[in-house]
Amino acid sequence: MKLWYSDSSPYARKVRSVMYYHQLQNQIELLQATSGMDKHSPHNQDNPLGRLPALQMENGEWLYNSSLIAEYLDHLGSQPSLYGSGEQRWQILRLHYLADGVLENELSTIPEKRLRPHSEWWLERHQQIFQRTEQSLIAIQQSIDLFGEALNIGTLNAVCAIDFLLFRKDWTYATNHSTMASLKSWVEKMNARYACLNETYPK
């Protein structure tokens with residue numbers, strides 16, 4: 001199998017963390033893309049969406065979405081599933097997709113902040129995203145209280161999302177959020193406790 005990824009992508013980190021958790025790294029060739037926006041980058045040749053991560057399975061077919069790739073790797077792995085079972089499964093998935101939603105909102109504004117002059121920013125939209133992230137982080141804090149420092153696809157993805165907000169704090173203004181100090185303390189404990197998170201810390 002082959003995995004196209006970026007060190008700074010929180011979506012790719014989720015997938016790589018699942019890979020390390022299930023000790024699948026010897027079965028997957030890691031191919032790092034230097035720029036997801038470069039149309040000439042090799043990852044775009046067989047990847048119609050041009051998004052990272054993208055996994056080529058052993059049969060040659062591609063999986064494009066990070067949540068789909070993570071679940072596929074969890075299916076292949078021999079460790080206990082990260083997705084839980086019974087009623088808890090829905091709590092885990094709720095947290096997982098809440099974290100995904102935060103990333104989708106924040107990443108929708110970052111290219112504009114990076115590439116356009118401040119005078120051309122859609123400031124009303126940026127403020128709306130900040131407020132949505134504020135409310136979402138409060139909900140994430142409430143959700144992780146159910147799990148503590150247990151590792152599942154929800155807590156794993158929450159770590160990826162929070163670390164990304166802090167990694168890109170110049171564009172996300174992460175430290176201005178009311179719950180960030182508490183969440184930062186939690187992710188530091190998770191990163192120290194689980195090798196699969198420590199190995200994939202954003203660069």
# chains A, B, ... in the order shown; residues from 1 in each chain; ligands from 1
$ residues_around --residues "segment 185-197 of chain A" --least-positions-apart "6" --cutoff "10 Å" --atoms "only C-alpha atoms" --output "NGL selection string"
:A and (13-14 or 16-23 or 141 or 144 or 148-151 or 155-163)
$ select_by_dssp --residues "segment 11-191 of chain A" --states "strand (DSSP E)" --output "PDB file with N, CA, C and O atoms, in the first residue's frame"
ATOM      1  N   GLU A  29       3.898   2.166   2.233  1.00  0.00           N
ATOM      2  CA  GLU A  29       4.968   3.060   1.785  1.00  0.00           C
ATOM      3  C   GLU A  29       4.486   4.498   1.960  1.00  0.00           C
ATOM      4  O   GLU A  29       3.465   4.899   1.391  1.00  0.00           O
ATOM      5  N   LEU A  30       5.231   5.279   2.760  1.00  0.00           N
ATOM      6  CA  LEU A  30       4.862   6.664   3.005  1.00  0.00           C
ATOM      7  C   LEU A  30       5.488   7.558   1.942  1.00  0.00           C
ATOM      8  O   LEU A  30       6.708   7.546   1.732  1.00  0.00           O
ATOM      9  N   LEU A  31       4.647   8.342   1.273  1.00  0.00           N
ATOM     10  CA  LEU A  31       5.095   9.229   0.203  1.00  0.00           C
ATOM     11  C   LEU A  31       4.697  10.651   0.579  1.00  0.00           C
ATOM     12  O   LEU A  31       3.504  10.987   0.602  1.00  0.00           O
ATOM     13  N   GLN A  32       5.670  11.464   0.910  1.00  0.00           N
ATOM     14  CA  GLN A  32       5.390  12.814   1.391  1.00  0.00           C
ATOM     15  C   GLN A  32       5.250  13.796   0.237  1.00  0.00           C
ATOM     16  O   GLN A  32       6.124  13.876  -0.633  1.00  0.00           O
ATOM     17  N   ALA A  54      -4.090  10.370   0.771  1.00  0.00           N
ATOM     18  CA  ALA A  54      -4.701   9.443  -0.184  1.00  0.00           C
ATOM     19  C   ALA A  54      -3.975   8.113  -0.060  1.00  0.00           C
ATOM     20  O   ALA A  54      -2.746   8.080   0.001  1.00  0.00           O
ATOM     21  N   LEU A  55      -4.728   7.036   0.024  1.00  0.00           N
ATOM     22  CA  LEU A  55      -4.155   5.707   0.212  1.00  0.00           C
ATOM     23  C   LEU A  55      -4.413   4.844  -1.017  1.00  0.00           C
ATOM     24  O   LEU A  55      -5.558   4.708  -1.454  1.00  0.00           O
ATOM     25  N   GLN A  56      -3.363   4.268  -1.555  1.00  0.00           N
ATOM     26  CA  GLN A  56      -3.508   3.285  -2.621  1.00  0.00           C
ATOM     27  C   GLN A  56      -3.469   1.902  -2.001  1.00  0.00           C
ATOM     28  O   GLN A  56      -2.485   1.518  -1.369  1.00  0.00           O
ATOM     29  N   TRP A  62      -7.748   3.506  -5.047  1.00  0.00           N
ATOM     30  CA  TRP A  62      -7.408   4.586  -4.118  1.00  0.00           C
ATOM     31  C   TRP A  62      -8.562   4.892  -3.176  1.00  0.00           C
ATOM     32  O   TRP A  62      -9.728   4.855  -3.573  1.00  0.00           O
ATOM     33  N   LEU A  63      -8.212   5.206  -1.939  1.00  0.00           N
ATOM     34  CA  LEU A  63      -9.147   5.776  -0.967  1.00  0.00           C
ATOM     35  C   LEU A  63      -8.706   7.212  -0.722  1.00  0.00           C
ATOM     36  O   LEU A  63      -7.521   7.472  -0.498  1.00  0.00           O
TER      37      LEU A  63
END
$ closest_residue --among "A:Asp7, A:Glu71, A:Tyr97, A:Tyr64" --to "Gly84 of chain A" --atoms "only C-alpha atoms"
A:Glu71
$ closest_residue --among "A:Ala70, A:Met57, A:Leu49, A:Leu103" --to "Phe130 of chain A" --atoms "only C-alpha atoms"
A:Leu103
$ closest_residue --among "A:Pro10, A:Gly154, A:Pro111, A:Pro202" --to "Trp171 of chain A" --atoms "only C-alpha atoms"
A:Pro111
$ closest_residue --among "A:Thr109, A:Gln135, A:Thr200, A:Gln142" --to "Leu123 of chain A" --atoms "only C-alpha atoms"
A:Thr109
